[in-house]
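S.K.: File follows, protein.cif with mmCIF, C-alpha atoms and all ligand atoms:
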data_coords
#
loop_
_atom_site.label_atom_id
_atom_site.label_comp_id
_atom_site.auth_asym_id
_atom_site.auth_seq_id
_atom_site.Cartn_x
_atom_site.Cartn_y
_atom_site.Cartn_z
CA MET A 486 -8.88 -1.02 -25.44
CA LEU A 487 -9.22 -3.89 -23.00
CA ARG A 488 -11.39 -3.17 -19.94
CA ARG A 489 -12.46 -5.06 -16.85
CA ILE A 490 -15.58 -2.96 -16.21
CA GLU A 491 -18.08 -2.07 -18.92
CA SER A 492 -17.82 1.65 -19.62
CA SER A 493 -21.61 1.75 -20.09
CA LEU A 494 -22.05 0.59 -16.48
CA ILE A 495 -19.88 3.41 -15.15
CA LYS A 496 -21.70 5.85 -17.42
CA ASP A 497 -25.13 4.74 -16.17
CA LYS A 498 -24.06 4.98 -12.52
CA ASN A 499 -22.54 8.42 -13.15
CA GLU A 500 -25.76 9.71 -14.72
CA GLU A 501 -27.61 8.91 -11.49
CA LEU A 502 -25.17 11.08 -9.52
CA TYR A 503 -24.32 13.84 -11.96
CA THR A 504 -27.05 16.34 -11.05
CA ASP A 505 -26.01 16.40 -7.40
CA LEU A 506 -22.32 16.54 -8.32
CA LYS A 507 -22.90 19.47 -10.70
CA SER A 508 -24.75 21.32 -7.99
CA ASP A 509 -21.91 20.76 -5.45
CA TYR A 510 -19.30 21.64 -8.06
CA ASP A 511 -21.04 24.88 -9.04
CA ALA A 512 -21.36 25.88 -5.38
CA LEU A 513 -17.63 25.29 -4.82
CA ALA A 514 -16.80 27.14 -8.05
CA GLU A 515 -18.79 30.13 -6.80
CA LYS A 516 -17.11 30.02 -3.37
CA LEU A 517 -13.58 29.77 -4.82
CA GLY A 518 -14.46 32.38 -7.43
CA ARG A 519 -14.98 34.94 -4.67
CA ASP A 520 -11.25 34.56 -3.90
CA GLY A 521 -10.38 34.89 -7.58
CA ILE A 522 -9.73 31.16 -7.95
CA ASP A 523 -10.82 29.46 -11.18
CA ILE A 524 -12.03 25.97 -10.26
CA GLU A 525 -11.43 24.67 -13.77
CA LYS A 526 -7.65 24.96 -13.37
CA PHE A 527 -7.83 22.63 -10.37
CA THR A 528 -10.12 20.14 -12.06
CA GLU A 529 -7.71 19.99 -15.00
CA ALA A 530 -4.83 19.42 -12.55
CA ALA A 531 -6.79 16.60 -10.89
CA GLU A 532 -7.37 14.99 -14.29
CA LYS A 533 -3.63 15.06 -15.02
CA PHE A 534 -2.57 13.69 -11.62
CA GLN A 535 -1.49 10.04 -11.71
CA ILE A 536 -0.06 7.75 -9.07
CA ALA A 537 1.31 4.23 -9.59
CA VAL A 538 -0.16 1.14 -7.99
CA PRO A 539 2.28 -1.43 -6.57
CA SER A 540 1.69 -4.85 -8.13
CA TRP A 541 2.15 -6.46 -4.71
CA GLY A 542 -0.57 -4.26 -3.20
CA THR A 543 -3.32 -6.06 -5.11
CA GLY A 544 -2.99 -9.11 -2.87
CA THR A 545 -4.19 -9.15 0.73
CA GLY A 546 -1.34 -8.15 3.00
CA GLY A 547 -0.39 -9.67 6.26
CA THR A 548 1.56 -9.22 9.42
CA ARG A 549 4.46 -11.25 10.77
CA PHE A 550 1.81 -13.48 12.30
CA ALA A 551 -0.67 -14.40 9.61
CA ARG A 552 -2.32 -13.55 6.37
CA PHE A 553 -6.00 -13.99 5.61
CA PRO A 554 -6.38 -14.31 1.83
CA LEU A 555 -9.44 -12.85 0.12
CA LYS A 556 -11.42 -14.81 -2.40
CA GLY A 557 -10.53 -14.16 -6.00
CA GLU A 558 -7.05 -12.85 -5.23
CA PRO A 559 -4.70 -12.45 -8.18
CA ARG A 560 -2.28 -15.37 -8.50
CA ASN A 561 0.20 -13.91 -10.97
CA ILE A 562 1.21 -10.64 -12.59
CA PHE A 563 -1.38 -10.93 -15.37
CA GLU A 564 -4.17 -11.17 -12.81
CA LYS A 565 -2.61 -8.38 -10.74
CA LEU A 566 -2.67 -6.30 -13.91
CA GLU A 567 -6.39 -7.02 -14.30
CA ASP A 568 -7.01 -5.69 -10.78
CA CYS A 569 -4.83 -2.65 -11.45
CA SER A 570 -6.96 -1.95 -14.51
CA VAL A 571 -10.13 -2.09 -12.37
CA ILE A 572 -8.54 0.45 -10.01
CA ASN A 573 -7.66 2.75 -12.90
CA GLU A 574 -11.00 2.42 -14.70
CA LEU A 575 -12.81 3.48 -11.52
CA SER A 576 -10.39 6.08 -10.13
CA GLY A 577 -9.01 7.58 -13.34
CA CYS A 578 -5.74 8.39 -11.58
CA THR A 579 -3.67 5.18 -11.55
CA ASP A 580 -2.47 4.60 -15.11
CA SER A 581 0.77 2.85 -14.11
CA VAL A 582 2.02 -0.15 -12.14
CA SER A 583 5.26 -0.68 -10.27
CA PRO A 584 6.38 -4.33 -10.51
CA HIS A 585 8.42 -6.36 -8.03
CA PHE A 586 10.94 -9.03 -9.00
CA PRO A 587 11.22 -11.96 -8.85
CA TRP A 588 7.56 -12.03 -7.74
CA ASP A 589 6.39 -10.64 -11.10
CA LYS A 590 8.94 -12.38 -13.33
CA VAL A 591 7.52 -14.01 -16.46
CA ASP A 592 9.12 -15.99 -19.25
CA ASP A 593 7.84 -13.69 -21.96
CA PHE A 594 7.89 -10.01 -21.05
CA SER A 595 6.66 -9.01 -24.53
CA GLU A 596 3.37 -10.79 -23.81
CA LEU A 597 3.06 -8.92 -20.49
CA LYS A 598 3.87 -5.61 -22.18
CA GLN A 599 1.33 -6.27 -24.90
CA THR A 600 -1.37 -7.02 -22.30
CA SER A 601 -0.59 -3.89 -20.28
CA ASP A 602 -0.66 -1.82 -23.51
CA GLU A 603 -4.12 -3.19 -24.23
CA TYR A 604 -5.25 -2.03 -20.78
CA GLY A 605 -3.59 1.36 -21.29
CA ILE A 606 -1.36 0.73 -18.26
CA LYS A 607 2.30 1.80 -18.14
CA TRP A 608 5.10 0.24 -16.10
CA VAL A 609 7.07 2.47 -13.80
CA SER A 610 9.87 1.86 -11.31
CA VAL A 611 10.92 -1.80 -11.00
CA ASN A 612 11.62 -3.05 -7.47
CA SER A 613 14.32 -5.57 -6.70
CA ASN A 614 14.06 -8.10 -3.88
CA THR A 615 17.18 -9.18 -2.05
CA PHE A 616 15.51 -9.49 1.33
CA GLN A 617 14.51 -13.13 0.95
CA ASP A 618 16.17 -16.22 -0.51
CA GLN A 619 14.57 -17.78 -3.55
CA PRO A 620 14.13 -21.57 -3.84
CA GLY A 621 17.45 -23.19 -4.74
CA GLN A 622 19.47 -20.03 -4.13
CA GLU A 623 23.12 -21.03 -3.70
CA THR A 624 24.25 -18.28 -1.38
CA SER A 625 22.03 -16.65 1.25
CA TYR A 626 20.85 -13.13 2.06
CA LYS A 627 20.41 -14.09 5.72
CA TYR A 628 23.19 -11.71 6.72
CA GLY A 629 22.48 -9.09 4.09
CA SER A 630 22.63 -8.65 0.35
CA MET A 631 24.46 -5.61 -1.06
CA SER A 632 26.44 -5.27 2.18
CA ASN A 633 26.90 -8.98 2.98
CA THR A 634 30.36 -9.88 4.25
CA GLN A 635 30.43 -12.68 1.64
CA GLN A 636 31.34 -11.64 -1.88
CA SER A 637 29.15 -14.44 -3.34
CA SER A 638 25.99 -12.99 -1.74
CA ARG A 639 26.88 -9.47 -2.84
CA ASP A 640 27.48 -10.66 -6.40
CA LEU A 641 24.11 -12.40 -6.45
CA ALA A 642 22.36 -9.24 -5.24
CA ILE A 643 24.15 -7.10 -7.83
CA GLN A 644 23.24 -9.50 -10.64
CA HIS A 645 19.60 -9.58 -9.50
CA ASN A 646 19.39 -5.78 -9.67
CA LEU A 647 20.96 -5.81 -13.14
CA ASP A 648 18.40 -8.44 -14.18
CA CYS A 649 15.61 -6.20 -12.83
CA ILE A 650 16.84 -3.38 -15.06
CA GLU A 651 16.71 -5.71 -18.05
CA TYR A 652 13.14 -6.83 -17.21
CA GLY A 653 12.14 -3.20 -16.73
CA GLN A 654 13.58 -2.21 -20.10
CA GLN A 655 11.42 -4.82 -21.79
CA LEU A 656 8.38 -3.31 -20.05
CA GLY A 657 9.26 0.30 -20.87
CA ALA A 658 10.06 1.32 -17.28
CA ASN A 659 12.85 3.77 -16.59
CA SER A 660 13.84 3.50 -12.96
CA LEU A 661 14.98 0.91 -10.43
CA THR A 662 13.99 1.16 -6.77
CA VAL A 663 16.38 -0.52 -4.36
CA TRP A 664 15.43 -1.28 -0.79
CA VAL A 665 17.60 -3.70 1.17
CA GLY A 666 16.80 -5.25 4.53
CA ASP A 667 20.51 -5.31 5.38
CA GLY A 668 21.41 -4.44 8.94
CA SER A 669 21.98 -5.94 12.36
CA ASN A 670 20.02 -7.07 15.37
CA HIS A 671 22.79 -6.88 17.97
CA PRO A 672 25.18 -4.10 18.93
CA GLY A 673 28.62 -5.16 17.71
CA GLN A 674 27.20 -7.57 15.13
CA GLN A 675 28.10 -5.34 12.22
CA HIS A 676 30.87 -2.83 11.58
CA PHE A 677 28.81 0.20 10.50
CA GLN A 678 31.39 1.74 8.19
CA LYS A 679 32.57 -1.48 6.58
CA ALA A 680 28.95 -2.53 5.90
CA PHE A 681 28.18 0.83 4.29
CA GLU A 682 31.38 0.63 2.21
CA ARG A 683 30.41 -2.82 0.94
CA TYR A 684 26.89 -1.52 0.13
CA LEU A 685 28.28 1.43 -1.83
CA SER A 686 30.73 -0.75 -3.70
CA SER A 687 27.90 -3.13 -4.74
CA MET A 688 25.61 -0.26 -5.70
CA GLU A 689 28.35 1.25 -7.88
CA LYS A 690 28.18 -1.89 -10.02
CA VAL A 691 24.39 -1.59 -10.37
CA TYR A 692 24.67 2.13 -11.13
CA ALA A 693 27.19 1.32 -13.88
CA GLY A 694 24.52 -0.91 -15.47
CA LEU A 695 21.84 1.80 -15.63
CA PRO A 696 20.73 2.71 -19.15
CA SER A 697 21.37 6.37 -19.98
CA ASP A 698 17.72 7.39 -19.55
CA TRP A 699 17.21 5.49 -16.27
CA GLU A 700 17.35 6.58 -12.64
CA MET A 701 18.05 4.51 -9.56
CA HIS A 702 16.05 5.30 -6.41
CA ILE A 703 17.28 4.29 -2.97
CA GLU A 704 14.64 3.62 -0.33
CA HIS A 705 15.64 4.01 3.32
CA LYS A 706 13.96 2.33 6.28
CA MET A 707 14.64 2.74 9.94
CA PHE A 708 14.08 -0.83 11.08
CA GLU A 709 12.74 -4.28 10.16
CA PRO A 710 13.80 -6.94 9.49
CA ALA A 711 16.96 -5.67 11.20
CA PHE A 712 15.96 -4.15 14.53
CA TYR A 713 19.17 -2.61 15.86
CA SER A 714 20.66 -0.94 12.79
CA THR A 715 19.96 -0.88 9.09
CA VAL A 716 22.54 0.01 6.46
CA ILE A 717 20.28 2.59 4.79
CA GLN A 718 18.60 3.64 8.00
CA ASP A 719 17.46 7.17 7.26
CA TRP A 720 17.41 9.95 4.70
CA GLY A 721 20.94 10.95 5.78
CA SER A 722 22.46 7.61 4.79
CA ASN A 723 20.20 7.63 1.75
CA ILE A 724 21.30 11.00 0.36
CA LEU A 725 24.96 10.24 1.16
CA ALA A 726 24.71 7.07 -0.92
CA ALA A 727 22.82 8.88 -3.70
CA MET A 728 25.43 11.67 -3.79
CA HIS A 729 28.25 9.13 -3.78
CA LEU A 730 26.76 7.14 -6.65
CA GLY A 731 26.00 10.02 -9.02
CA PRO A 732 23.34 12.20 -10.63
CA LYS A 733 21.20 9.28 -11.84
CA CYS A 734 20.76 8.08 -8.27
CA LYS A 735 18.12 9.74 -6.07
CA SER A 736 16.35 9.11 -2.79
CA LEU A 737 12.90 7.63 -2.41
CA VAL A 738 10.72 8.55 0.55
CA ASP A 739 8.40 5.90 1.97
CA LEU A 740 6.22 7.71 4.49
CA GLY A 741 6.15 4.77 6.91
CA HIS A 742 9.90 4.30 7.03
CA HIS A 743 10.61 7.00 9.60
CA ALA A 744 10.42 7.26 13.35
CA PRO A 745 7.03 8.47 14.61
CA ASN A 746 6.71 12.29 14.54
CA THR A 747 9.57 12.75 12.07
CA ASN A 748 9.14 15.93 10.03
CA ILE A 749 8.92 14.18 6.67
CA GLU A 750 7.93 17.33 4.77
CA MET A 751 11.22 18.94 5.77
CA ILE A 752 13.15 15.90 4.55
CA VAL A 753 11.28 16.30 1.26
CA SER A 754 12.34 19.95 1.10
CA ARG A 755 15.99 19.07 1.69
CA LEU A 756 15.95 16.39 -1.00
CA ILE A 757 14.33 18.83 -3.45
CA GLN A 758 16.94 21.49 -2.65
CA PHE A 759 19.79 19.14 -3.49
CA LYS A 760 18.06 17.62 -6.56
CA LYS A 761 17.88 14.23 -4.94
CA LEU A 762 14.15 13.59 -4.61
CA GLY A 763 13.46 10.51 -6.76
CA GLY A 764 10.00 9.53 -5.64
CA PHE A 765 7.54 8.40 -3.00
CA HIS A 766 5.91 5.38 -1.56
CA PHE A 767 2.70 6.72 -0.06
CA ASN A 768 1.03 5.07 2.92
CA ASP A 769 0.17 6.07 6.48
CA SER A 770 1.35 4.88 9.86
CA LYS A 771 0.64 5.13 13.56
CA TYR A 772 3.56 3.26 15.08
CA GLY A 773 6.13 2.25 12.48
CA ASP A 774 6.03 0.77 9.02
CA ASP A 775 2.33 -0.01 9.39
CA ASP A 776 1.56 0.46 5.68
CA LEU A 777 -1.92 1.78 6.46
CA ASP A 778 -4.00 3.42 3.73
CA SER A 779 -2.69 6.79 2.55
CA GLY A 780 -4.22 9.72 4.35
CA SER A 781 -6.20 7.47 6.69
CA LEU A 782 -4.51 8.82 9.84
CA HIS A 783 -2.46 11.88 8.98
CA PRO A 784 -4.07 13.73 6.08
CA TYR A 785 -2.53 17.02 7.24
CA GLN A 786 0.98 15.57 7.10
CA GLN A 787 0.29 14.30 3.59
CA PHE A 788 -0.96 17.78 2.65
CA LEU A 789 2.20 19.38 4.10
CA ILE A 790 4.34 17.03 2.01
CA PHE A 791 2.42 18.09 -1.09
CA ASN A 792 2.79 21.68 -0.01
CA GLU A 793 6.55 21.23 -0.48
CA LEU A 794 6.07 19.46 -3.81
CA VAL A 795 3.73 22.10 -5.19
CA ASP A 796 6.08 24.79 -3.92
CA ALA A 797 8.90 23.19 -5.94
CA GLU A 798 6.63 23.13 -9.00
CA TYR A 799 5.69 26.78 -8.43
CA ARG A 800 9.34 27.84 -8.13
CA GLN A 801 10.19 25.66 -11.16
CA GLN A 802 12.89 23.90 -9.17
CA ALA A 803 15.51 22.31 -11.44
CA GLU A 804 15.56 18.52 -11.91
CA PHE A 805 12.31 18.10 -10.02
CA ASP A 806 10.23 15.21 -11.34
CA PRO A 807 9.48 12.76 -8.51
CA SER A 808 7.54 9.56 -9.16
CA TYR A 809 4.45 8.89 -7.05
CA MET A 810 3.60 5.39 -5.95
CA LEU A 811 1.44 3.75 -3.31
CA ASP A 812 3.02 1.14 -1.04
CA GLN A 813 0.51 -0.27 1.41
CA SER A 814 -0.53 -3.51 3.02
CA HIS A 815 -4.24 -4.32 3.13
CA ASN A 816 -4.90 -6.77 5.90
CA VAL A 817 -8.62 -6.34 6.49
CA THR A 818 -9.92 -4.47 3.44
CA ASP A 819 -10.31 -5.43 -0.20
CA PRO A 820 -7.01 -4.21 -1.74
CA ILE A 821 -8.83 -2.85 -4.79
CA GLU A 822 -10.99 -0.62 -2.59
CA SER A 823 -8.05 0.51 -0.45
CA LEU A 824 -5.91 1.35 -3.48
CA ILE A 825 -8.74 3.35 -5.09
CA VAL A 826 -9.43 5.31 -1.92
CA SER A 827 -5.72 5.89 -1.24
CA ALA A 828 -4.98 7.09 -4.77
CA ILE A 829 -7.82 9.59 -4.45
CA GLU A 830 -6.61 10.70 -1.00
CA VAL A 831 -3.15 11.44 -2.41
CA GLN A 832 -4.75 13.30 -5.31
CA ARG A 833 -6.80 15.24 -2.73
CA SER A 834 -3.63 16.35 -0.92
CA TYR A 835 -2.15 17.53 -4.20
CA ILE A 836 -5.20 19.62 -5.16
CA LYS A 837 -5.42 21.16 -1.67
CA ALA A 838 -1.72 22.07 -1.82
CA LEU A 839 -2.34 23.72 -5.20
CA LEU A 840 -4.93 25.93 -3.47
CA VAL A 841 -2.31 27.50 -1.20
CA ASP A 842 -1.75 31.15 -2.08
CA ARG A 843 2.05 30.96 -2.41
CA GLU A 844 2.71 34.69 -2.67
CA SER A 845 0.65 35.41 0.44
CA LEU A 846 2.45 32.62 2.29
CA TYR A 847 5.87 33.94 1.27
CA GLY A 848 4.82 37.40 2.48
CA TYR A 849 3.82 36.07 5.90
CA GLN A 850 7.05 34.10 6.10
CA GLU A 851 9.17 37.14 5.26
CA SER A 852 7.39 39.28 7.86
CA ASN A 853 7.58 36.51 10.47
CA ASP A 854 3.80 36.39 10.83
CA ALA A 855 3.58 32.83 12.13
CA MET A 856 -0.18 32.92 12.75
CA MET A 857 -1.18 34.13 9.30
CA ALA A 858 1.31 31.78 7.60
CA SER A 859 -0.21 28.86 9.48
CA LEU A 860 -3.76 30.01 8.66
CA GLU A 861 -2.87 30.33 4.98
CA LEU A 862 -2.05 26.63 4.91
CA LYS A 863 -5.11 25.71 6.95
CA LYS A 864 -7.33 27.75 4.65
CA ALA A 865 -6.33 25.57 1.69
CA PHE A 866 -6.41 22.35 3.70
CA ASN A 867 -9.91 23.02 4.98
CA VAL A 868 -11.45 23.37 1.51
CA ASP A 869 -13.45 20.24 0.71
CA VAL A 870 -12.23 19.51 -2.81
CA THR A 871 -14.37 16.36 -3.17
CA PRO A 872 -16.48 17.86 -6.02
CA ILE A 873 -13.30 18.73 -7.95
CA LEU A 874 -11.99 15.17 -7.67
CA ALA A 875 -15.36 13.65 -8.56
CA MET A 876 -15.79 16.00 -11.55
CA ALA A 877 -12.28 15.07 -12.75
CA ARG A 878 -13.26 11.40 -12.61
CA TYR A 879 -16.54 12.07 -14.42
CA ARG A 880 -14.74 13.88 -17.23
CA GLN A 881 -12.26 11.00 -17.56
CA SER A 882 -15.14 8.49 -17.82
CA ALA A 883 -14.11 7.07 -14.44
CA ALA A 884 -16.63 6.68 -11.62
CA ILE A 885 -18.10 9.54 -9.60
CA ASN A 886 -18.58 6.95 -6.83
CA PRO A 887 -15.85 4.35 -7.48
CA ILE A 888 -16.48 2.16 -4.44
CA GLY A 889 -20.23 2.12 -5.17
CA VAL A 890 -19.66 0.92 -8.73
CA TYR A 891 -17.07 -1.62 -7.60
CA ARG A 892 -19.42 -3.12 -5.03
CA SER A 893 -22.24 -3.29 -7.56
CA ILE A 894 -20.34 -5.70 -9.83
CA ASP A 895 -19.42 -8.25 -7.15
CA TYR A 896 -15.97 -8.58 -8.69
CA ARG A 897 -14.53 -10.89 -6.06
CA THR A 898 -17.22 -13.52 -6.52
CA ARG A 899 -16.58 -13.46 -10.27
CA MET A 900 -12.83 -13.70 -9.72
CA ASP A 901 -13.23 -16.50 -7.21
CA LYS A 902 -14.55 -18.67 -10.05
CA ASP A 903 -11.87 -17.53 -12.52
CA ARG A 904 -8.97 -17.78 -10.09
CA PRO A 905 -9.20 -20.99 -8.05
CA ARG A 906 -6.67 -21.01 -5.24
CA ASP A 907 -4.16 -23.67 -4.47
CA PRO A 908 -5.45 -24.99 -1.09
CA ASN A 909 -1.82 -25.53 -0.03
CA ALA A 910 -0.80 -21.93 -0.78
CA SER A 911 1.03 -20.17 2.00
CA GLY A 912 -0.91 -18.36 4.69
CA SER A 913 2.20 -16.86 6.24
CA GLY A 914 2.51 -13.18 6.99
CA ILE A 915 5.08 -11.63 4.71
CA VAL A 916 4.83 -13.34 1.36
MN MN B 1001 8.21 1.17 0.27
#
Produce structure tokens that represent the structure in this file.

M.R.:
Amino acid sequence: MLRRIESSLIKDKNEELYTDLKSDYDALAEKLGRDGIDIEKFTEAAEKFQIAVPSWGTGTGGTRFARFPLKGEPRNIFEKLEDCSVINELSGCTDSVSPHFPWDKVDDFSELKQTSDEYGIKWVSVNSNTFQDQPGQETSYKYGSMSNTQQSSRDLAIQHNLDCIEYGQQLGANSLTVWVGDGSNHPGQQHFQKAFERYLSSMEKVYAGLPSDWEMHIEHKMFEPAFYSTVIQDWGSNILAAMHLGPKCKSLVDLGHHAPNTNIEMIVSRLIQFKKLGGFHFNDSKYGDDDLDSGSLHPYQQFLIFNELVDAEYRQQAEFDPSYMLDQSHNVTDPIESLIVSAIEVQRSYIKALLVDRESLYGYQESNDAMMASLELKKAFNVDVTPILAMARYRQSAAINPIGVYRSIDYRTRMDKDRPRDPNASGSGIV
């Protein structure tokens, strides 16, 4: 198998840390054991947990104002794949990548698939892009794509999504994620119902092109680039569209795409109940769609979301198999470090949610004991599961201290030599 980091290096670094880890792990095992909890079950669950890395997340992000590229940034999908492999080799929990087209389009997808196979990386949901015009594009998305008043723009957007499915099939993916920036900036600019009707009509044509084993995931977003209204504004519009289109269409929840203080975990519960939860884009936010690192601001919210997901697993909810993906923008950190830390933070939320004593919680809920129900959740959340996550990485031959190993190899300096940048490359914000 192809690797970017020598396994012997990770092994040597792990040996330096193993004695301390084993001691912390044994102490936690003893503590959990007093409550009748077998730590090994949780370590096994941590080893199985995987979350996809977005190909676009490996480049330095930006704002609407500027972007400050890092040295050694990946210049194409093959180099992005190299960085994704680094993230997976160190974290042990990111064995798949979500590509974005046309950014990641190549002439020969079989070559790309062969390379990803050599890295042991799978391709998951393909993302279409109809929020910007491509060079030479004959008809514009300026006033929308799937909902554009012009048939020619709608047709182009439909064809692009069908093309994305075809690219994804060549890579072995099995879902299409559709987010559109369609909307309006002025009251009166757009007829709400007519725009939604045009969107649905376009999406019907994409849905008709889905292979039998594929799903389509709709991603809603409250604002930006349209600031007054967006066609798929919220989970309500999202689930309506998904229900209209059919059983292979589900909703995708991007944590940053809601108004501040929205109860996202309850939205997750509703989508689970109606078999419409397709997947997640994990990130964190303070004000809007900030795309901050997962769990960096609201780890309890992320835990509460996983509480709903684990609850659905526990109750063996029908048709429940959401895909997990990160979707972040890294403006001031090294994207590789942020994606490693974020993947582990999402994994942390999952393991903590697994620690919730479901039967006790249900009992408190039935007897309306609000205090004990709340404490039951807090009890699980307050367990420091760091030794479980580190032991899972150790057993997978990933790094006990992933950031420490990453910094020791000076990857960016190496990549700076291998990946010379075009000095005229764009420094604009959203690229
Ligand atoms: Mn997203």

S.K.: Restrict the calculation to all atoms listed in the file, then for each residue of range 773-845 of chain A with any atom at most 12 Å from an atom of range 873-895 of chain A give the closest atom pair and their distance in Å to one decimal, rows by chain and rising residue number, as CSV.

M.R.:
residue,atom,partner,partner_atom,distance
A:Asp819,CA,A:Arg892,CA,10.6
A:Pro820,CA,A:Ile888,CA,11.7
A:Ile821,CA,A:Tyr891,CA,8.8
A:Glu822,CA,A:Ile888,CA,6.4
A:Ser823,CA,A:Ile888,CA,9.5
A:Leu824,CA,A:Ile888,CA,10.6
A:Ile825,CA,A:Pro887,CA,7.6
A:Val826,CA,A:Ile888,CA,8.1
A:Ser827,CA,A:Ile888,CA,11.8
A:Ala828,CA,A:Leu874,CA,11.1
A:Ile829,CA,A:Leu874,CA,7.7
A:Glu830,CA,A:Leu874,CA,9.7
A:Val831,CA,A:Leu874,CA,10.9
A:Gln832,CA,A:Leu874,CA,7.8
A:Arg833,CA,A:Leu874,CA,7.2
A:Ser834,CA,A:Leu874,CA,10.8
A:Tyr835,CA,A:Leu874,CA,10.7
A:Ile836,CA,A:Leu874,CA,8.5
A:Lys837,CA,A:Ile873,CA,10.4
A:Leu840,CA,A:Ile873,CA,11.9

S.K.: Hey, which bits of chain A sit within 6 Å of ligand MN 1001 (chain B), and for each residue what's the closest pair of atoms and how far apart in Å (one decimal), counting all atoms listed in the file, rows by chain and increasing number, as a tab-separated table?

M.R.:
residue	atom	partner	partner_atom	distance
A:Asp739	CA	B:MN1001	MN	5.0
A:His766	CA	B:MN1001	MN	5.1
A:Asp812	CA	B:MN1001	MN	5.4

S.K.: Could you save those same residues with C-alpha atoms as a short mmCIF file (atom, residue, chain, number, x, y, z; two decimals), keeping the file's coordinate frame?

M.R.:
data_model
loop_
_atom_site.label_atom_id
_atom_site.label_comp_id
_atom_site.auth_asym_id
_atom_site.auth_seq_id
_atom_site.Cartn_x
_atom_site.Cartn_y
_atom_site.Cartn_z
CA ASP A 739 8.40 5.90 1.97
CA HIS A 766 5.91 5.38 -1.56
CA ASP A 812 3.02 1.14 -1.04
#

S.K.: Please determine, counting all atoms listed in the file, which residue among A:Pro554, A:Gly666, A:Pro807, A:Gly653 has the shortest atom-to-atom distance to Val611 in chain A.

M.R.: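 For Val611 in chain A, the nearest of the given residues is A:Gly653.
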
S.K.: Set the distance at 9 Å and use all atoms listed in the file: which residues neighbour Phe586 in chain A once local chain neighbours fewer than 3 positions away are removed? I'd like the list as a list in words.

M.R.: Asp589, Lys590, Val611, Asn612, Ser613, Asn614, His645, Cys649 and Tyr652 of chain A

S.K.: Could you tell me, as JSON, numbers by chain, which residues have any atom at most 7 Å from (-18.3, 20.8, -4.6), counting all atoms listed in the file?

M.R.: {"A": [506, 509, 510, 511, 512, 513, 870, 871, 872, 873]}

S.K.: Separation of CA of Tyr849 in chain A and CA of Gly521 in chain A, in Å?

M.R.: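 Calculated distance between CA of Tyr849 in chain A and CA of Gly521 in chain A is 19.6 Å.
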
S.K.: Kindly indicate which residue among A:Leu811, A:Ile562, A:Leu789, A:Val582 lies nearest to Ser859 in chain A, using only C-alpha atoms for the distances.

M.R.: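 Looking at the shortest contact to Ser859 in chain A, the residue is A:Leu789.
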
S.K.: Could you tell me how far CA of Gly546 in chain A sits from CA of Ser814 in chain A, in Å to one decimal place?

M.R.: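 Going from CA of Ser814 in chain A over to CA of Gly546 in chain A, I get 4.7 Å.
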
S.K.: Record the distance separating CA of Met857 in chain A and CA of Lys516 in chain A, expressed in Å with one decimal.

M.R.: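 Taking CA of Met857 in chain A and CA of Lys516 in chain A, their separation equals 20.8 Å.
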
S.K.: Find the residues with any atom within 9 Å of (-5.4, 15.1, -16.0); use only C-alpha atoms and the coordinates as given in the file, and write the answer as a short mmCIF file (atom, residue, chain, number, x, y, z; two decimals) with C-alpha atoms, in the frame of the given file.

M.R.:
data_model
loop_
_atom_site.label_atom_id
_atom_site.label_comp_id
_atom_site.auth_asym_id
_atom_site.auth_seq_id
_atom_site.Cartn_x
_atom_site.Cartn_y
_atom_site.Cartn_z
CA THR A 528 -10.12 20.14 -12.06
CA GLU A 529 -7.71 19.99 -15.00
CA ALA A 530 -4.83 19.42 -12.55
CA ALA A 531 -6.79 16.60 -10.89
CA GLU A 532 -7.37 14.99 -14.29
CA LYS A 533 -3.63 15.06 -15.02
CA PHE A 534 -2.57 13.69 -11.62
CA GLN A 535 -1.49 10.04 -11.71
CA GLY A 577 -9.01 7.58 -13.34
CA CYS A 578 -5.74 8.39 -11.58
CA ALA A 877 -12.28 15.07 -12.75
CA GLN A 881 -12.26 11.00 -17.56
#

S.K.: Would you kindly return, as a VMD selection string, each protein, DNA or RNA residue with an atom no farther than 10 Å from any atom of Asp806 in chain A, considering only C-alpha atoms and excluding same-chain residues fewer than 5 positions away?

M.R.: chain A and resid 757 760 762 to 764 794 797 to 798

S.K.: Please return range 826-831 of chain A, rebuilt to N, CA and C atoms, as an mmCIF file, keeping the file's coordinate frame.

M.R.:
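Okay, this is what ended up in selection.cif:
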data_model
loop_
_atom_site.group_PDB
_atom_site.id
_atom_site.type_symbol
_atom_site.label_atom_id
_atom_site.label_comp_id
_atom_site.auth_asym_id
_atom_site.auth_seq_id
_atom_site.Cartn_x
_atom_site.Cartn_y
_atom_site.Cartn_z
ATOM 1 N N VAL A 826 -9.239 4.240 -2.904
ATOM 2 C CA VAL A 826 -9.430 5.310 -1.920
ATOM 3 C C VAL A 826 -8.108 6.040 -1.646
ATOM 4 N N SER A 827 -7.019 5.277 -1.532
ATOM 5 C CA SER A 827 -5.720 5.890 -1.240
ATOM 6 C C SER A 827 -5.241 6.767 -2.387
ATOM 7 N N ALA A 828 -5.404 6.289 -3.615
ATOM 8 C CA ALA A 828 -4.980 7.090 -4.770
ATOM 9 C C ALA A 828 -5.728 8.422 -4.760
ATOM 10 N N ILE A 829 -7.013 8.367 -4.470
ATOM 11 C CA ILE A 829 -7.820 9.590 -4.450
ATOM 12 C C ILE A 829 -7.421 10.487 -3.275
ATOM 13 N N GLU A 830 -7.045 9.896 -2.144
ATOM 14 C CA GLU A 830 -6.610 10.700 -1.000
ATOM 15 C C GLU A 830 -5.291 11.421 -1.288
ATOM 16 N N VAL A 831 -4.405 10.774 -2.041
ATOM 17 C CA VAL A 831 -3.150 11.440 -2.410
ATOM 18 C C VAL A 831 -3.448 12.579 -3.404
#
